[in-house]
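See below for final_21.txt, which holds compact mmCIF, C-alpha atoms.
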# COMPACT_ATOMS: atom_id res chain seq x y z
CA MET A 688 -1.95 27.05 152.86
CA ALA A 689 -5.12 26.60 150.88
CA SER A 690 -7.98 25.00 152.80
CA ARG A 691 -9.38 21.62 151.76
CA LYS A 692 -12.40 23.36 150.30
CA THR A 693 -10.24 25.69 148.19
CA SER A 694 -8.17 22.73 146.97
CA ILE A 695 -11.37 21.05 145.81
CA MET A 696 -12.43 24.16 143.85
CA GLU A 697 -8.95 24.44 142.31
CA ALA A 698 -9.23 20.81 141.26
CA ALA A 699 -12.72 21.46 139.85
CA ALA A 700 -11.39 24.32 137.69
CA ARG A 701 -8.63 22.01 136.38
CA VAL A 702 -11.06 19.20 135.59
CA ILE A 703 -13.47 21.59 133.82
CA ALA A 704 -10.62 23.11 131.79
CA ARG A 705 -9.53 19.60 130.75
CA HIS A 706 -12.85 17.93 129.96
CA GLY A 707 -15.56 20.59 130.17
CA VAL A 708 -18.32 21.10 132.72
CA ARG A 709 -20.22 18.14 131.37
CA GLY A 710 -17.18 15.95 131.95
CA LEU A 711 -17.11 16.82 135.65
CA ARG A 712 -18.14 13.89 137.85
CA VAL A 713 -17.85 13.97 141.62
CA GLU A 714 -15.79 10.74 141.59
CA GLU A 715 -13.28 12.21 139.14
CA LEU A 716 -13.10 15.45 141.11
CA ALA A 717 -12.42 13.49 144.31
CA ALA A 718 -9.55 11.67 142.58
CA GLU A 719 -8.12 14.94 141.18
CA ALA A 720 -8.34 16.70 144.56
CA GLY A 721 -7.09 13.65 146.48
CA VAL A 722 -10.08 13.63 148.82
CA SER A 723 -13.07 11.36 149.41
CA THR A 724 -16.37 11.93 147.62
CA ALA A 725 -17.94 12.20 151.10
CA LEU A 726 -15.83 15.29 151.81
CA ILE A 727 -17.03 16.88 148.57
CA TYR A 728 -20.67 16.20 149.48
CA TYR A 729 -19.97 17.55 152.97
CA HIS A 730 -18.60 20.88 151.64
CA PHE A 731 -20.76 21.37 148.52
CA LYS A 732 -23.90 19.26 149.07
CA ASP A 733 -24.06 18.12 145.42
CA ARG A 734 -22.56 18.58 141.96
CA THR A 735 -24.53 21.81 141.41
CA GLY A 736 -23.05 23.14 144.66
CA VAL A 737 -19.57 22.38 143.31
CA LEU A 738 -20.30 24.22 140.05
CA ARG A 739 -21.80 27.27 141.79
CA GLN A 740 -18.94 27.67 144.18
CA THR A 741 -16.34 27.01 141.49
CA LEU A 742 -17.90 29.82 139.48
CA GLU A 743 -17.43 32.15 142.43
CA PHE A 744 -13.91 30.82 142.94
CA ILE A 745 -12.81 31.50 139.35
CA SER A 746 -14.39 34.98 139.46
CA ASP A 747 -12.37 35.78 142.58
CA ARG A 748 -9.22 34.31 141.06
CA ALA A 749 -9.66 36.41 137.91
CA GLU A 750 -10.09 39.49 140.07
CA ARG A 751 -6.79 38.65 141.77
CA TYR A 752 -4.65 38.07 138.67
CA THR A 753 -6.07 41.09 136.86
CA THR A 754 -5.31 43.45 139.75
CA GLU A 755 -1.86 42.18 140.80
CA ARG A 756 0.85 44.80 140.38
CA ALA A 757 4.61 44.33 140.57
CA GLU A 758 6.00 45.22 144.00
CA GLY A 759 7.45 48.72 144.11
CA ALA A 760 5.77 49.66 140.80
CA PRO A 761 4.27 53.16 140.75
CA PRO A 762 0.49 53.11 141.26
CA PRO A 763 -1.24 52.82 137.87
CA THR A 764 -3.24 55.69 136.43
CA PRO A 765 -7.00 55.01 136.17
CA ARG A 766 -6.54 54.42 132.45
CA GLU A 767 -3.71 51.92 133.01
CA GLU A 768 -5.73 50.14 135.67
CA LEU A 769 -8.69 49.77 133.30
CA GLU A 770 -6.50 48.46 130.47
CA GLN A 771 -4.58 46.03 132.65
CA THR A 772 -7.71 44.65 134.29
CA LEU A 773 -9.23 43.79 130.92
CA LEU A 774 -6.11 42.82 128.97
CA LEU A 775 -4.75 40.52 131.67
CA GLU A 776 -7.70 38.22 130.91
CA LEU A 777 -6.03 37.53 127.56
CA GLN A 778 -2.75 35.91 128.59
CA ASP A 779 -1.32 32.55 127.66
CA THR A 780 -0.55 31.35 131.18
CA THR A 781 -1.84 28.12 132.71
CA GLU A 782 -3.93 29.96 135.27
CA VAL A 783 -5.60 32.41 132.87
CA ARG A 784 -6.18 29.76 130.22
CA GLU A 785 -7.71 27.39 132.79
CA ASN A 786 -9.83 30.17 134.28
CA SER A 787 -11.04 31.37 130.88
CA ILE A 788 -11.92 27.88 129.69
CA ALA A 789 -13.79 27.16 132.94
CA TRP A 790 -15.68 30.48 132.78
CA GLY A 791 -16.63 29.86 129.13
CA GLU A 792 -17.76 26.33 130.01
CA LEU A 793 -19.95 27.52 132.88
CA ARG A 794 -21.41 30.19 130.59
CA ALA A 795 -22.08 27.66 127.81
CA SER A 796 -23.61 25.07 130.10
CA ALA A 797 -25.92 27.63 131.73
CA VAL A 798 -27.72 27.75 128.36
CA PHE A 799 -28.95 24.21 129.19
CA ASP A 800 -28.68 24.13 132.98
CA GLU A 801 -31.00 26.57 134.73
CA THR A 802 -29.54 25.87 138.16
CA LEU A 803 -26.39 27.83 137.24
CA ARG A 804 -28.06 30.88 135.76
CA GLU A 805 -28.70 32.98 138.82
CA GLU A 806 -25.15 32.59 140.13
CA LEU A 807 -23.70 33.32 136.69
CA ALA A 808 -25.86 36.43 136.22
CA ARG A 809 -24.71 37.63 139.64
CA ALA A 810 -21.01 37.03 138.85
CA THR A 811 -21.47 38.81 135.51
CA ARG A 812 -23.12 41.83 137.18
CA ILE A 813 -20.30 42.11 139.70
CA TRP A 814 -17.71 42.01 136.90
CA VAL A 815 -19.58 44.60 134.77
CA GLN A 816 -19.93 46.84 137.83
CA GLU A 817 -16.20 46.59 138.54
CA ILE A 818 -15.32 47.62 134.97
CA ALA A 819 -17.91 50.44 135.08
CA GLU A 820 -16.17 51.79 138.19
CA LEU A 821 -12.78 51.69 136.49
CA LEU A 822 -14.26 53.49 133.47
CA GLY A 823 -15.70 56.06 135.88
CA GLY A 824 -12.18 56.64 137.22
CA VAL A 825 -11.07 57.54 133.69
CA ARG A 826 -14.22 59.54 132.83
CA PRO A 827 -15.60 60.98 136.11
CA MET A 828 -18.19 63.12 134.30
CA ALA A 829 -19.81 60.25 132.38
CA SER A 830 -23.32 59.14 133.41
CA ALA A 831 -23.84 55.87 135.26
CA VAL A 832 -25.93 54.56 132.35
CA ALA A 833 -23.20 55.32 129.81
CA LEU A 834 -20.54 53.72 132.03
CA ALA A 835 -22.67 50.60 132.57
CA GLY A 836 -23.29 50.23 128.81
CA ALA A 837 -19.60 50.60 127.96
CA ALA A 838 -18.67 48.08 130.69
CA GLU A 839 -21.25 45.55 129.47
CA ARG A 840 -19.94 45.89 125.90
CA LEU A 841 -16.26 45.60 126.86
CA THR A 842 -16.79 42.52 129.04
CA ALA A 843 -19.07 40.82 126.47
CA LEU A 844 -16.50 41.56 123.76
CA LEU A 845 -13.78 40.11 125.99
CA GLU A 846 -15.82 36.92 126.42
CA GLY A 847 -16.34 36.71 122.66
CA LEU A 848 -12.64 37.29 121.87
CA SER A 849 -11.52 34.89 124.58
CA THR A 850 -13.68 32.06 123.24
CA ARG A 851 -12.43 32.73 119.69
CA TRP A 852 -8.87 32.54 120.98
CA LEU A 853 -9.44 29.33 122.96
CA SER A 854 -11.29 27.65 120.09
CA GLY A 855 -8.51 28.42 117.61
CA SER A 856 -10.28 31.07 115.51
CA LEU A 857 -8.19 34.10 116.58
CA PRO A 858 -4.50 34.43 117.54
CA LEU A 859 -3.98 35.84 121.03
CA PRO A 860 -1.98 38.97 119.99
CA GLN A 861 -4.76 39.95 117.60
CA ALA A 862 -7.40 39.44 120.31
CA ARG A 863 -5.42 41.76 122.60
CA THR A 864 -5.08 44.45 119.91
CA LEU A 865 -8.81 44.31 119.15
CA LEU A 866 -9.68 44.64 122.83
CA ALA A 867 -7.21 47.52 123.33
CA ASP A 868 -8.79 49.35 120.37
CA ALA A 869 -12.27 48.81 121.83
CA ILE A 870 -11.12 50.27 125.18
CA ASP A 871 -9.81 53.35 123.31
CA ALA A 872 -13.10 53.71 121.49
CA GLU A 873 -15.27 53.37 124.59
CA VAL A 874 -13.13 55.82 126.59
CA ASP A 875 -13.27 58.31 123.69
CA ARG A 876 -17.06 58.05 123.49
CA LEU A 877 -17.38 58.72 127.22
CA ALA A 878 -15.49 62.00 126.89
CA PRO A 879 -17.51 65.11 127.88
CA MET B 672 -38.45 19.94 99.41
CA ALA B 673 -35.42 19.59 101.59
CA SER B 674 -33.14 16.71 100.69
CA ARG B 675 -32.59 13.83 103.11
CA LYS B 676 -29.15 15.23 103.88
CA THR B 677 -30.56 18.68 104.71
CA SER B 678 -33.22 17.10 106.93
CA ILE B 679 -30.48 15.34 108.87
CA MET B 680 -28.58 18.62 109.40
CA GLU B 681 -31.79 20.36 110.48
CA ALA B 682 -32.36 17.56 112.97
CA ALA B 683 -28.74 17.85 114.18
CA ALA B 684 -29.20 21.59 114.85
CA ARG B 685 -32.37 20.80 116.86
CA VAL B 686 -30.67 18.07 118.89
CA ILE B 687 -27.64 20.29 119.63
CA ALA B 688 -29.92 23.18 120.67
CA ARG B 689 -31.78 20.82 123.03
CA HIS B 690 -28.93 18.86 124.63
CA GLY B 691 -25.67 20.44 123.47
CA VAL B 692 -23.02 19.14 121.11
CA ARG B 693 -21.83 16.63 123.65
CA GLY B 694 -25.35 15.22 123.89
CA LEU B 695 -25.41 14.46 120.16
CA ARG B 696 -25.24 10.73 119.44
CA VAL B 697 -25.72 9.30 115.97
CA GLU B 698 -28.51 7.00 117.25
CA GLU B 699 -30.44 9.93 118.71
CA LEU B 700 -29.92 11.97 115.56
CA ALA B 701 -31.25 9.10 113.45
CA ALA B 702 -34.39 8.94 115.61
CA GLU B 703 -34.87 12.74 115.43
CA ALA B 704 -34.42 12.80 111.64
CA GLY B 705 -36.49 9.64 111.12
CA VAL B 706 -33.72 7.91 109.18
CA SER B 707 -31.41 4.95 109.76
CA THR B 708 -27.98 5.37 111.32
CA ALA B 709 -26.61 3.76 108.14
CA LEU B 710 -27.92 6.69 106.08
CA ILE B 711 -26.18 9.13 108.43
CA TYR B 712 -22.88 7.27 108.09
CA TYR B 713 -23.40 7.16 104.32
CA HIS B 714 -23.85 10.95 104.06
CA PHE B 715 -21.47 12.15 106.80
CA LYS B 716 -18.97 9.31 107.34
CA ASP B 717 -18.89 9.81 111.13
CA ARG B 718 -20.04 12.02 114.02
CA THR B 719 -17.31 14.59 113.26
CA GLY B 720 -18.58 14.77 109.68
CA VAL B 721 -22.07 15.52 111.03
CA LEU B 722 -20.72 18.31 113.25
CA ARG B 723 -18.61 19.88 110.48
CA GLN B 724 -21.43 19.94 107.98
CA THR B 725 -23.96 21.12 110.57
CA LEU B 726 -21.63 24.04 111.29
CA GLU B 727 -21.69 24.96 107.61
CA PHE B 728 -25.46 24.44 107.51
CA ILE B 729 -26.15 26.81 110.42
CA SER B 730 -23.78 29.42 108.96
CA ASP B 731 -25.69 29.31 105.69
CA ARG B 732 -29.02 29.45 107.50
CA ALA B 733 -27.89 32.50 109.51
CA GLU B 734 -26.85 34.17 106.29
CA ARG B 735 -30.34 33.55 104.91
CA TYR B 736 -32.38 34.85 107.86
CA THR B 737 -30.17 37.91 108.30
CA THR B 738 -30.47 38.93 104.66
CA GLU B 739 -34.17 38.24 104.04
CA ARG B 740 -36.15 41.35 103.18
CA ALA B 741 -39.91 41.79 103.00
CA GLU B 742 -41.23 41.49 99.46
CA GLY B 743 -41.76 44.85 97.80
CA ALA B 744 -39.75 46.65 100.49
CA PRO B 745 -37.42 49.36 99.15
CA PRO B 746 -33.81 48.18 98.95
CA PRO B 747 -32.03 48.92 102.24
CA THR B 748 -29.30 51.54 102.44
CA PRO B 749 -25.81 50.15 103.16
CA ARG B 750 -26.21 51.28 106.78
CA GLU B 751 -29.59 49.55 107.16
CA GLU B 752 -28.21 46.41 105.59
CA LEU B 753 -25.32 46.36 108.06
CA GLU B 754 -27.59 46.92 111.06
CA GLN B 755 -30.16 44.35 109.99
CA THR B 756 -27.57 41.69 109.25
CA LEU B 757 -26.13 41.98 112.75
CA LEU B 758 -29.28 42.70 114.76
CA LEU B 759 -31.31 39.90 113.18
CA GLU B 760 -28.97 37.47 115.00
CA LEU B 761 -30.58 38.69 118.24
CA GLN B 762 -34.22 37.64 117.81
CA ASP B 763 -36.38 35.44 119.97
CA THR B 764 -37.60 33.10 117.24
CA THR B 765 -37.24 29.33 117.27
CA GLU B 766 -34.91 29.36 114.28
CA VAL B 767 -32.55 32.09 115.54
CA ARG B 768 -32.49 30.73 119.07
CA GLU B 769 -31.74 27.22 117.81
CA ASN B 770 -29.09 28.50 115.42
CA SER B 771 -27.43 30.67 118.06
CA ILE B 772 -27.36 27.90 120.65
CA ALA B 773 -25.92 25.45 118.12
CA TRP B 774 -23.27 27.96 116.98
CA GLY B 775 -22.29 28.70 120.59
CA GLU B 776 -22.11 24.97 121.33
CA LEU B 777 -19.87 24.27 118.34
CA ARG B 778 -17.68 27.21 119.38
CA ALA B 779 -17.49 26.00 123.00
CA SER B 780 -16.78 22.40 122.10
CA ALA B 781 -13.99 23.38 119.67
CA VAL B 782 -12.05 24.45 122.78
CA PHE B 783 -11.78 20.72 123.57
CA ASP B 784 -12.27 19.13 120.15
CA GLU B 785 -9.51 19.96 117.68
CA THR B 786 -11.28 18.27 114.77
CA LEU B 787 -13.81 21.13 114.63
CA ARG B 788 -11.35 24.01 114.79
CA GLU B 789 -10.38 24.42 111.16
CA GLU B 790 -13.98 24.40 109.94
CA LEU B 791 -15.02 26.83 112.68
CA ALA B 792 -12.15 29.23 111.92
CA ARG B 793 -13.14 29.13 108.26
CA ALA B 794 -16.82 29.86 109.03
CA THR B 795 -15.77 32.70 111.34
CA ARG B 796 -13.49 34.21 108.65
CA ILE B 797 -16.31 34.12 106.09
CA TRP B 798 -18.68 35.84 108.53
CA VAL B 799 -16.12 38.53 109.48
CA GLN B 800 -15.40 39.13 105.79
CA GLU B 801 -19.12 39.52 105.04
CA ILE B 802 -19.51 42.14 107.81
CA ALA B 803 -16.32 43.92 106.68
CA GLU B 804 -17.83 44.23 103.19
CA LEU B 805 -21.06 45.69 104.59
CA LEU B 806 -19.02 48.16 106.67
CA GLY B 807 -17.11 49.04 103.49
CA GLY B 808 -20.45 49.86 101.83
CA VAL B 809 -21.11 52.41 104.60
CA ARG B 810 -17.53 53.72 104.69
CA PRO B 811 -16.01 53.27 101.22
CA MET B 812 -12.89 55.27 102.12
CA ALA B 813 -11.91 53.16 105.16
CA SER B 814 -8.85 50.90 104.86
CA ALA B 815 -9.25 47.14 104.56
CA VAL B 816 -7.39 46.70 107.88
CA ALA B 817 -9.71 49.10 109.72
CA LEU B 818 -12.79 47.41 108.22
CA ALA B 819 -11.54 43.94 109.16
CA GLY B 820 -10.83 45.03 112.74
CA ALA B 821 -14.25 46.60 113.17
CA ALA B 822 -15.93 43.51 111.69
CA GLU B 823 -13.98 41.17 113.98
CA ARG B 824 -14.98 43.27 117.02
CA LEU B 825 -18.66 43.52 116.07
CA THR B 826 -19.02 39.79 115.40
CA ALA B 827 -17.09 38.81 118.57
CA LEU B 828 -19.25 41.23 120.58
CA LEU B 829 -22.35 39.69 119.02
CA GLU B 830 -21.20 36.22 120.05
CA GLY B 831 -20.55 37.46 123.59
CA LEU B 832 -23.93 39.23 123.86
CA SER B 833 -25.77 36.26 122.34
CA THR B 834 -24.29 33.82 124.86
CA ARG B 835 -25.15 36.19 127.73
CA TRP B 836 -28.71 36.36 126.45
CA LEU B 837 -29.05 32.59 126.01
CA SER B 838 -27.51 31.87 129.43
CA GLY B 839 -29.89 34.26 131.20
CA SER B 840 -27.41 37.02 132.10
CA LEU B 841 -28.75 39.71 129.75
CA PRO B 842 -32.28 40.53 128.55
CA LEU B 843 -32.62 40.44 124.75
CA PRO B 844 -33.73 44.10 124.28
CA GLN B 845 -30.67 45.26 126.20
CA ALA B 846 -28.39 43.03 124.10
CA ARG B 847 -29.85 44.61 120.95
CA THR B 848 -29.37 48.15 122.24
CA LEU B 849 -25.76 47.42 123.20
CA LEU B 850 -25.05 45.99 119.75
CA ALA B 851 -26.75 48.91 117.97
CA ASP B 852 -24.61 51.34 119.98
CA ALA B 853 -21.46 49.41 119.07
CA ILE B 854 -22.39 49.57 115.37
CA ASP B 855 -22.80 53.36 115.70
CA ALA B 856 -19.43 53.63 117.39
CA GLU B 857 -17.57 51.51 114.82
CA VAL B 858 -19.15 53.35 111.88
CA ASP B 859 -18.23 56.69 113.47
CA ARG B 860 -14.63 55.61 113.96
CA LEU B 861 -14.36 54.56 110.32
CA ALA B 862 -15.38 58.05 109.16
CA PRO B 863 -12.70 59.84 107.08
Rewrite the structure of this file - the entire thing - as structure tokens.
Amino acid sequence: MASRKTSIMEAAARVIARHGVRGLRVEELAAEAGVSTALIYYHFKDRTGVLRQTLEFISDRAERYTTERAEGAPPPTPREELEQTLLLELQDTTEVRENSIAWGELRASAVFDETLREELARATRIWVQEIAELLGGVRPMASAVALAGAAERLTALLEGLSTRWLSGSLPLPQARTLLADAIDAEVDRLAP
Amino acid sequence: MASRKTSIMEAAARVIARHGVRGLRVEELAAEAGVSTALIYYHFKDRTGVLRQTLEFISDRAERYTTERAEGAPPPTPREELEQTLLLELQDTTEVRENSIAWGELRASAVFDETLREELARATRIWVQEIAELLGGVRPMASAVALAGAAERLTALLEGLSTRWLSGSLPLPQARTLLADAIDAEVDRLAP
């Protein structure tokens, strides 16, 4: 069973996906989570605390749904693991859509809100590092610098494609094809 | 001299860059532009009209500052023209920063606001088409489909890198290097 604190972060992700970060008020979050505002202040100190921890929560959740494999399925090759981890961020499910909207919102509001920047930069670095490691599994001879550059490009492209999808400028299947082609290209360029 | 209408759109871009799309109120815009709210309603009908036309205004302005060349400079090669057009979107000047923040804000708010989507999709298509044409100048033998895909990837990557830069997750010089490398890679892949 999810703890009270986790339920509050789940509710925060839902509220952000529905109305945006700037629509998130502690009173509304309390109503959505079915808890008192006092409990929210107890766990998160203030609204910024909610946003910071929700950012961490959606990063962890993305890591979970992009690494889940069907039970009994053969272990993926390094290449399959890389592709799945990136492409599973472009799925039309409630969870992925909600997560992607909330991530995009936190990113967009950090342009104006300096209190979120450090946490967001940290979450971004962790994500880039994770993709660099998967790329290194596919191309063990590539340099760390080349792997880091390819990972930064692929994740930034994924953010750009995701926001185009969610804002109605790009159909999801096309976004997936474009990302798959970019993975091919980056893996090719990392070849010895 | 800029017309009254243009001055209002310039003021709207400034207000959006300062407080975000959701911070834009017609009263505040009137104060920023030094005009009456009645004049804003006369020219733009309503707040949505302001946002739609400001989107077009910042697209046109980006087209101008990415295609300006120094007087007397030799005409750029197709490759230089492509690189400049994309890389000049990553500059730390007031105009580019303001334009990029406003574009990112309109993109982010279209996730929640359906009234902006059609105009934004149209502006995105025009931009992708422009980059596809520049890529075609470098690789005249490439197919229209391959050029369109490369242009969609490069512009989506640019949006992703720009938002990382503006939100404090990526230093500007690194964003430029990553984009320049991506241009190299796409041009290489389009080779016969």
Problem set entry | Nearest to Leu806 (chain B), chosen from B:Leu832, B:Ile854, B:Glu698, B:Leu761, with all atoms listed in the file counted in the distances | B:Ile854
For this session: Pick out the residues sitting within 12 Å of Asp731 (chain B), and hand them over as an NGL selection string; count only C-alpha atoms, and ignore anything fewer than 5 positions along from it in its own chain.
Result: :B and (677 or 680-681 or 724-726 or 736-738 or 770 or 774 or 794-795 or 797-798)
Problem set entry | Contact residues (chain B, partner chain A, 6 Å, all atoms listed in the file) as a list of chain:residue names |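 Taken together, these residues fit the definition: B:Ala781, B:Val782, B:Arg788, B:Ala792, B:Ala827, B:Leu828, B:Glu830, B:Gly831, B:Leu832, B:Leu837, B:Ser838, B:Gly839, B:Ser840.
CA of Arg701 (chain A) is positioned 10.2 Å from CA of Arg784 (chain A).
Nearest residue to Ile818 (chain A) among A:Glu770, A:Glu782, A:Glu758, A:Glu719 is A:Glu770, counting only C-alpha atoms.
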For this session: Excluding Ala718 (chain A) and any residue of its chain fewer than 4 positions from it, enumerate the residues within 12 Å of it, using all atoms listed in the file, and give them as JSON, numbers by chain.
Result: {"A": [694, 695, 698, 699, 702, 711, 712, 713, 714, 722, 723, 724, 725, 726, 727]}
Seminar exercise, completed: Expressed in Å, the length from CA of Arg766 (chain A) to CA of Thr780 (chain A) is 23.9 Å
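If all atoms listed in the file are the atoms counted, then among A:Val783, A:Leu774, A:Ala760, A:Leu821 the closest residue to Pro860 (chain A) is A:Leu774.
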